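Participant: I'm passing along start_12.cif; it holds mmCIF, C-alpha atoms.
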```cif
data_data
#
loop_
_atom_site.group_PDB
_atom_site.id
_atom_site.type_symbol
_atom_site.label_atom_id
_atom_site.label_comp_id
_atom_site.auth_asym_id
_atom_site.auth_seq_id
_atom_site.Cartn_x
_atom_site.Cartn_y
_atom_site.Cartn_z
ATOM 1 C CA MET A 1 23.652 41.367 1.782
ATOM 2 C CA THR A 2 26.140 38.907 3.238
ATOM 3 C CA GLY A 3 24.601 39.306 6.700
ATOM 4 C CA SER A 4 21.122 38.632 5.352
ATOM 5 C CA LEU A 5 22.269 35.457 3.615
ATOM 6 C CA ARG A 6 23.823 34.246 6.867
ATOM 7 C CA TYR A 7 20.331 34.119 8.417
ATOM 8 C CA LEU A 8 18.543 33.069 5.240
ATOM 9 C CA VAL A 9 20.505 29.841 4.620
ATOM 10 C CA PRO A 10 19.652 28.145 7.975
ATOM 11 C CA PHE A 11 16.025 29.152 7.479
ATOM 12 C CA LEU A 12 15.923 27.547 4.019
ATOM 13 C CA LEU A 13 17.547 24.379 5.342
ATOM 14 C CA LEU A 14 14.944 24.194 8.086
ATOM 15 C CA MET A 15 12.130 24.617 5.572
ATOM 16 C CA MET A 16 13.566 21.778 3.467
ATOM 17 C CA GLN A 17 13.568 19.237 6.308
ATOM 18 C CA PRO A 18 9.939 18.036 5.962
ATOM 19 C CA ALA A 19 10.547 17.242 2.284
ATOM 20 C CA CYS A 20 13.418 14.983 3.289
ATOM 21 C CA SER A 21 11.343 12.969 5.773
ATOM 22 C CA ARG A 22 8.050 12.376 4.010
ATOM 23 C CA THR A 23 8.006 8.614 4.539
ATOM 24 C CA PRO A 24 7.104 7.738 8.136
ATOM 25 C CA THR A 25 9.433 5.290 9.825
ATOM 26 C CA LEU A 26 8.560 1.705 10.710
ATOM 27 C CA PRO A 27 10.166 -0.690 13.206
ATOM 28 C CA PRO A 28 12.706 -3.010 11.556
ATOM 29 C CA LEU A 29 11.194 -6.303 10.454
ATOM 30 C CA ALA A 30 12.818 -9.285 12.141
ATOM 31 C CA GLN A 31 14.044 -12.037 9.833
ATOM 32 C CA ASP A 32 11.206 -14.240 11.084
ATOM 33 C CA GLY A 33 8.681 -11.389 11.006
ATOM 34 C CA ILE A 34 5.459 -12.094 9.130
ATOM 35 C CA VAL A 35 3.972 -9.681 6.596
ATOM 36 C CA LEU A 36 0.257 -9.905 5.815
ATOM 37 C CA ALA A 37 -0.659 -8.627 2.345
ATOM 38 C CA PHE A 38 -4.380 -7.912 2.574
ATOM 39 C CA GLY A 39 -6.699 -6.934 -0.232
ATOM 40 C CA ASP A 40 -8.749 -8.052 -3.191
ATOM 41 C CA SER A 41 -7.804 -9.430 -6.618
ATOM 42 C CA LEU A 42 -4.877 -7.003 -6.932
ATOM 43 C CA THR A 43 -3.341 -8.701 -3.899
ATOM 44 C CA TYR A 44 -4.470 -12.204 -4.834
ATOM 45 C CA GLY A 45 -2.666 -11.892 -8.157
ATOM 46 C CA TYR A 46 -5.649 -12.379 -10.433
ATOM 47 C CA GLY A 47 -4.970 -12.178 -14.158
ATOM 48 C CA ASP A 48 -4.884 -14.297 -17.298
ATOM 49 C CA GLY A 49 -1.685 -16.285 -17.330
ATOM 50 C CA VAL A 50 -0.503 -15.014 -13.933
ATOM 51 C CA LYS A 51 0.879 -17.813 -11.749
ATOM 52 C CA PRO A 52 0.597 -17.836 -7.933
ATOM 53 C CA ASP A 53 4.335 -17.197 -7.571
ATOM 54 C CA GLU A 54 3.958 -14.089 -9.766
ATOM 55 C CA SER A 55 1.522 -12.278 -7.452
ATOM 56 C CA TYR A 56 2.949 -9.196 -5.786
ATOM 57 C CA PRO A 57 3.053 -10.814 -2.296
ATOM 58 C CA ALA A 58 5.031 -13.785 -3.641
ATOM 59 C CA VAL A 59 7.499 -11.543 -5.464
ATOM 60 C CA LEU A 60 7.770 -9.202 -2.466
ATOM 61 C CA SER A 61 8.665 -12.124 -0.209
ATOM 62 C CA GLY A 62 11.673 -12.861 -2.399
ATOM 63 C CA LEU A 63 12.702 -9.215 -2.522
ATOM 64 C CA ILE A 64 12.659 -8.633 1.245
ATOM 65 C CA GLY A 65 13.550 -12.101 2.502
ATOM 66 C CA ARG A 66 10.499 -12.397 4.790
ATOM 67 C CA GLN A 67 7.358 -14.494 4.785
ATOM 68 C CA VAL A 68 4.556 -12.595 3.056
ATOM 69 C CA ILE A 69 1.108 -14.143 3.413
ATOM 70 C CA ASN A 70 -1.213 -13.531 0.481
ATOM 71 C CA ALA A 71 -4.621 -12.670 1.950
ATOM 72 C CA GLY A 72 -6.277 -11.348 -1.192
ATOM 73 C CA ILE A 73 -9.816 -12.321 -2.230
ATOM 74 C CA PRO A 74 -10.962 -11.389 -5.755
ATOM 75 C CA GLY A 75 -14.135 -9.312 -5.877
ATOM 76 C CA GLU A 76 -14.135 -8.371 -2.198
ATOM 77 C CA ILE A 77 -15.459 -4.943 -1.220
ATOM 78 C CA SER A 78 -14.004 -2.982 1.675
ATOM 79 C CA ALA A 79 -16.926 -3.681 4.045
ATOM 80 C CA ASP A 80 -16.271 -7.411 3.735
ATOM 81 C CA GLY A 81 -12.539 -6.817 4.088
ATOM 82 C CA ALA A 82 -13.048 -4.888 7.303
ATOM 83 C CA ALA A 83 -15.060 -7.811 8.676
ATOM 84 C CA ARG A 84 -12.528 -10.436 7.537
ATOM 85 C CA LEU A 85 -9.277 -8.815 8.635
ATOM 86 C CA PRO A 86 -9.353 -9.103 12.458
ATOM 87 C CA ALA A 87 -9.466 -12.910 12.452
ATOM 88 C CA LEU A 88 -6.443 -13.040 10.134
ATOM 89 C CA LEU A 89 -4.493 -10.634 12.320
ATOM 90 C CA ASP A 90 -5.238 -12.809 15.344
ATOM 91 C CA ARG A 91 -4.372 -15.992 13.474
ATOM 92 C CA PHE A 92 -1.059 -15.001 11.901
ATOM 93 C CA HIS A 93 0.171 -12.271 14.296
ATOM 94 C CA PRO A 94 1.964 -10.337 11.543
ATOM 95 C CA SER A 95 4.497 -7.629 12.284
ATOM 96 C CA LEU A 96 3.343 -5.653 9.241
ATOM 97 C CA LEU A 97 0.093 -5.251 7.306
ATOM 98 C CA ILE A 98 0.216 -4.145 3.678
ATOM 99 C CA LEU A 99 -3.258 -2.817 2.936
ATOM 100 C CA CYS A 100 -4.301 -2.567 -0.723
ATOM 101 C CA HIS A 101 -8.091 -2.504 -0.723
ATOM 102 C CA GLY A 102 -11.056 -0.603 -2.110
ATOM 103 C CA ALA A 103 -10.765 -1.270 -5.848
ATOM 104 C CA ASN A 104 -14.133 -3.007 -6.032
ATOM 105 C CA ASP A 105 -15.818 -0.179 -4.119
ATOM 106 C CA ILE A 106 -14.480 2.194 -6.781
ATOM 107 C CA LEU A 107 -15.467 -0.041 -9.689
ATOM 108 C CA ARG A 108 -18.985 -0.543 -8.300
ATOM 109 C CA GLN A 109 -19.298 3.164 -7.473
ATOM 110 C CA LEU A 110 -20.085 2.436 -3.838
ATOM 111 C CA ASP A 111 -20.226 5.217 -1.276
ATOM 112 C CA ARG A 112 -16.747 6.663 -0.903
ATOM 113 C CA LYS A 113 -17.229 7.918 2.635
ATOM 114 C CA GLN A 114 -18.116 4.393 3.682
ATOM 115 C CA ALA A 115 -15.133 2.963 1.798
ATOM 116 C CA ALA A 116 -12.870 5.404 3.641
ATOM 117 C CA ALA A 117 -14.467 4.422 6.949
ATOM 118 C CA ASN A 118 -13.866 0.749 6.159
ATOM 119 C CA LEU A 119 -10.199 1.409 5.398
ATOM 120 C CA ARG A 120 -9.857 3.292 8.689
ATOM 121 C CA THR A 121 -11.442 0.324 10.479
ATOM 122 C CA MET A 122 -8.825 -1.978 8.935
ATOM 123 C CA VAL A 123 -5.939 0.316 9.838
ATOM 124 C CA GLN A 124 -7.238 0.663 13.382
ATOM 125 C CA ALA A 125 -7.640 -3.101 13.758
ATOM 126 C CA ALA A 126 -3.935 -3.481 13.005
ATOM 127 C CA ARG A 127 -2.905 -0.544 15.191
ATOM 128 C CA ASP A 128 -4.903 -1.912 18.142
ATOM 129 C CA ARG A 129 -2.750 -5.049 17.927
ATOM 130 C CA GLY A 130 0.547 -3.190 17.640
ATOM 131 C CA ILE A 131 0.907 -4.069 13.944
ATOM 132 C CA SER A 132 2.562 -1.615 11.538
ATOM 133 C CA VAL A 133 0.687 -0.672 8.361
ATOM 134 C CA VAL A 134 1.692 0.325 4.841
ATOM 135 C CA LEU A 135 -1.158 1.725 2.731
ATOM 136 C CA VAL A 136 -1.280 1.250 -1.043
ATOM 137 C CA GLY A 137 -3.336 3.716 -3.067
ATOM 138 C CA VAL A 138 -5.802 2.408 -5.658
ATOM 139 C CA PRO A 139 -6.628 4.561 -8.713
ATOM 140 C CA ASP A 140 -10.178 5.454 -9.656
ATOM 141 C CA PHE A 141 -10.001 3.590 -13.019
ATOM 142 C CA THR A 142 -11.239 6.637 -14.951
ATOM 143 C CA LEU A 143 -9.291 8.503 -17.610
ATOM 144 C CA THR A 144 -7.428 10.493 -14.954
ATOM 145 C CA LEU A 145 -6.485 7.384 -12.916
ATOM 146 C CA SER A 146 -6.181 9.623 -9.863
ATOM 147 C CA THR A 147 -6.161 8.067 -6.416
ATOM 148 C CA PRO A 148 -9.245 9.046 -4.381
ATOM 149 C CA ALA A 149 -8.280 11.682 -1.847
ATOM 150 C CA TYR A 150 -9.269 9.588 1.152
ATOM 151 C CA TYR A 151 -6.273 7.280 0.707
ATOM 152 C CA GLY A 152 -3.848 10.133 1.254
ATOM 153 C CA GLU A 153 -5.988 11.516 4.065
ATOM 154 C CA ILE A 154 -5.887 8.180 5.898
ATOM 155 C CA ALA A 155 -2.132 7.892 5.377
ATOM 156 C CA ARG A 156 -1.609 11.352 6.890
ATOM 157 C CA GLU A 157 -4.113 10.782 9.696
ATOM 158 C CA TYR A 158 -2.362 7.599 10.857
ATOM 159 C CA ASN A 159 1.148 8.636 9.743
ATOM 160 C CA LEU A 160 1.443 5.604 7.449
ATOM 161 C CA PRO A 161 4.012 4.910 4.758
ATOM 162 C CA PHE A 162 1.988 5.360 1.568
ATOM 163 C CA GLU A 163 2.697 3.780 -1.821
ATOM 164 C CA ASP A 164 0.794 5.845 -4.338
ATOM 165 C CA GLY A 165 1.159 5.963 -8.093
ATOM 166 C CA THR A 166 2.442 2.533 -9.107
ATOM 167 C CA LEU A 167 -0.976 1.014 -9.740
ATOM 168 C CA ALA A 168 -1.963 4.077 -11.775
ATOM 169 C CA LYS A 169 1.210 3.706 -13.815
ATOM 170 C CA ILE A 170 0.388 0.056 -14.483
ATOM 171 C CA GLU A 171 -3.170 0.923 -15.491
ATOM 172 C CA ARG A 172 -1.865 3.389 -18.102
ATOM 173 C CA HIS A 173 0.137 0.734 -19.976
ATOM 174 C CA SER A 174 -1.556 -2.222 -21.627
ATOM 175 C CA ASP A 175 1.739 -4.118 -21.764
ATOM 176 C CA LEU A 176 1.678 -4.233 -17.936
ATOM 177 C CA LYS A 177 -1.863 -5.621 -17.700
ATOM 178 C CA SER A 178 -3.460 -9.016 -18.271
ATOM 179 C CA ASP A 179 -6.902 -7.481 -18.896
ATOM 180 C CA MET A 180 -8.596 -4.091 -18.574
ATOM 181 C CA ILE A 181 -7.929 -3.895 -14.820
ATOM 182 C CA HIS A 182 -5.466 -6.472 -13.523
ATOM 183 C CA PRO A 183 -1.683 -6.403 -13.869
ATOM 184 C CA ASN A 184 0.229 -9.145 -15.618
ATOM 185 C CA ALA A 185 3.315 -10.759 -14.103
ATOM 186 C CA THR A 186 5.451 -7.741 -15.021
ATOM 187 C CA GLY A 187 2.908 -5.374 -13.477
ATOM 188 C CA TYR A 188 2.731 -7.354 -10.256
ATOM 189 C CA ARG A 189 6.519 -7.304 -10.046
ATOM 190 C CA MET A 190 6.383 -3.512 -10.370
ATOM 191 C CA MET A 191 3.964 -3.423 -7.437
ATOM 192 C CA ALA A 192 6.264 -5.616 -5.352
ATOM 193 C CA GLU A 193 9.323 -3.520 -6.183
ATOM 194 C CA ALA A 194 7.498 -0.284 -5.301
ATOM 195 C CA ILE A 195 6.353 -1.660 -1.951
ATOM 196 C CA ALA A 196 9.833 -3.025 -1.211
ATOM 197 C CA LYS A 197 11.177 0.469 -1.869
ATOM 198 C CA VAL A 198 8.727 1.925 0.658
ATOM 199 C CA LEU A 199 9.827 -0.676 3.217
ATOM 200 C CA ARG A 200 13.473 0.223 2.676
ATOM 201 C CA THR A 201 12.796 3.961 2.869
ATOM 202 C CA SER A 202 10.758 3.565 6.049
ATOM 203 C CA GLY A 203 13.475 1.486 7.714
ATOM 204 C CA ALA A 204 11.409 -1.714 7.914
ATOM 205 C CA ILE A 205 14.085 -3.638 5.994
#
```
Show this structure as structure tokens.

Facilitator:
Amino acid sequence: MTGSLRYLVPFLLLMMQPACSRTPTLPPLAQDGIVLAFGDSLTYGYGDGVKPDESYPAVLSGLIGRQVINAGIPGEISADGAARLPALLDRFHPSLLILCHGANDILRQLDRKQAAANLRTMVQAARDRGISVVLVGVPDFTLTLSTPAYYGEIAREYNLPFEDGTLAKIERHSDLKSDMIHPNATGYRMMAEAIAKVLRTSGAI
């Protein structure tokens, strides 16, 4: 029995290694590195009583000590986002893109395969320019509040750090929302803290 355990322990340790390295690594962000937070109203910081400095990009900037540009447009669908993003990447030359998009596609029940294709187009636009990407999952806004599977598939396909679950958690608690959909200041801070955690885990900061 002792001899069997001698071979079993290294095997178990080897099997545990993937669980310890689930978050892909990112290059360290320079102090003057620019982060582009791209998305719709969830990035913009829309919500009754929410001030511009309470949006998640504004709060994240304070948490990580880097410039975070808020490039959110309320009501935007992913097709329009895919068309808008390249010019912003070329204008600001960010080191990192935080992509939180697709909520309006889900709310309007637009074609999910096309939404996934649009997200891939956005990720690829950043990758083609040597820009790192963090993907943020958006829940389906039904009773289950599950994130559509294509978010995780894209994260795995491109080996992206993936923040999944925080928006669903916010959506479950009315005291974290300013209306039926959008976070309040506390909810946006939760988003910022969750993304900052991903950046620390990935080695970006």

Participant: What would the selection look like, as a PyMOL selection string, if the PyMOL selection byres ((chain A and resi 127-130) around 10) were run on the coordinates I just shared?

Facilitator: chain A and resi 86+89-90+93-97+121-126+131-133+158

Participant: Hey, can you spit out that residue selection with C-alpha atoms as a JSON list (two decimals), keeping the file's coordinate frame?

Facilitator:
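Result file follows (out.json):
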```json
[["chain", "number", "residue", "atom", "x", "y", "z"],
["A", 86, "PRO", "CA", -9.35, -9.10, 12.46],
["A", 89, "LEU", "CA", -4.49, -10.63, 12.32],
["A", 90, "ASP", "CA", -5.24, -12.81, 15.34],
["A", 93, "HIS", "CA", 0.17, -12.27, 14.30],
["A", 94, "PRO", "CA", 1.96, -10.34, 11.54],
["A", 95, "SER", "CA", 4.50, -7.63, 12.28],
["A", 96, "LEU", "CA", 3.34, -5.65, 9.24],
["A", 97, "LEU", "CA", 0.09, -5.25, 7.31],
["A", 121, "THR", "CA", -11.44, 0.32, 10.48],
["A", 122, "MET", "CA", -8.82, -1.98, 8.94],
["A", 123, "VAL", "CA", -5.94, 0.32, 9.84],
["A", 124, "GLN", "CA", -7.24, 0.66, 13.38],
["A", 125, "ALA", "CA", -7.64, -3.10, 13.76],
["A", 126, "ALA", "CA", -3.94, -3.48, 13.00],
["A", 131, "ILE", "CA", 0.91, -4.07, 13.94],
["A", 132, "SER", "CA", 2.56, -1.62, 11.54],
["A", 133, "VAL", "CA", 0.69, -0.67, 8.36],
["A", 158, "TYR", "CA", -2.36, 7.60, 10.86]]
```

Participant: Can you tell me how far atom CA of Ala71 of chain A sits from atom CA of Thr142 of chain A, in Å to one decimal?

Facilitator: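 Going from atom CA of Ala71 of chain A over to atom CA of Thr142 of chain A, I get 26.5 Å.
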
Participant: From the options A:Val59, A:Leu145, A:Leu42, A:Ala155, which residue's atoms come nearest to Gly102 of chain A, counting only C-alpha atoms?

Facilitator: A:Leu42

Participant: Please compute the atom CA of His182 of chain A-atom CA of Pro148 of chain A distance, one decimal, in Å.

Facilitator: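 Those two atoms sit 18.4 Å apart.
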
Participant: For the provided coordinates, the residues matched by the PyMOL selection byres ((chain A and resi 76-84) around 12) should be stated as a ChimeraX atom specification.

Facilitator: /A:38-44,71-75,85-91,99-126

Participant: Give me the residues near Asp175 of chain A as a VMD selection string, where near means some atom within 10 Å (using only C-alpha atoms) and where sequence neighbours in that chain fewer than 6 positions away do not count.

Facilitator: chain A and resid 183 to 184 186 to 187

Participant: Go ahead and compute the interatomic distance for atom CA of His173 of chain A and atom CA of Met190 of chain A, in Å to one decimal.

Facilitator: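 Atom-to-atom, atom CA of His173 of chain A to atom CA of Met190 of chain A, that is 12.2 Å.
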
Participant: For Ile181 of chain A, which residue among A:Val138, A:Leu63, A:Ile34, A:Ile205 is the nearest when counting only C-alpha atoms?

Facilitator: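 Under the stated criterion, the closest residue is A:Val138.
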
Participant: Going by the chain IDs and residue numbers used in this file, which residues fall under the PyMOL selection byres ((chain A and resi 58) around 10)? Write them as a list in words.

Facilitator: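 Selected by the PyMOL selection byres ((chain A and resi 58) around 10) here: Ala37, Thr43, Tyr44, Gly45, Lys51, Pro52, Asp53, Glu54, Ser55, Tyr56, Pro57, Val59, Leu60, Ser61, Gly62, Leu63, Gln67, Val68, Ile69, Asn70, Tyr188, Arg189 and Ala192 of chain A.
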
Participant: Looking at A:Leu167, A:Leu143, A:Ala149, A:Ala204, which one is nearest to Met191 of chain A, with distances taken over all atoms listed in the file?

Facilitator: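 Looking only at the distances to Met191 of chain A, the closest residue turns out to be A:Leu167.
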
Participant: Box for segment 194-197 of chain A: with edges along x, y and z, all listed atoms inside and 4 Å added on each side, what are the centre and edge lengths in Å to one decimal, as lines of an AutoDock Vina configuration file?

Facilitator:
```
center_x = 8.8
center_y = -1.3
center_z = -3.3
size_x = 12.8
size_y = 11.5
size_z = 12.1
```

Participant: Given the point (10.0, 4.8, 7.9) in the coordinates of this file, which residues lie within 9 Å, counting all atoms listed in the file, and how would they look as an MDAnalysis selection string?

Facilitator: chainID A and resid 21:27 160:161 198:204
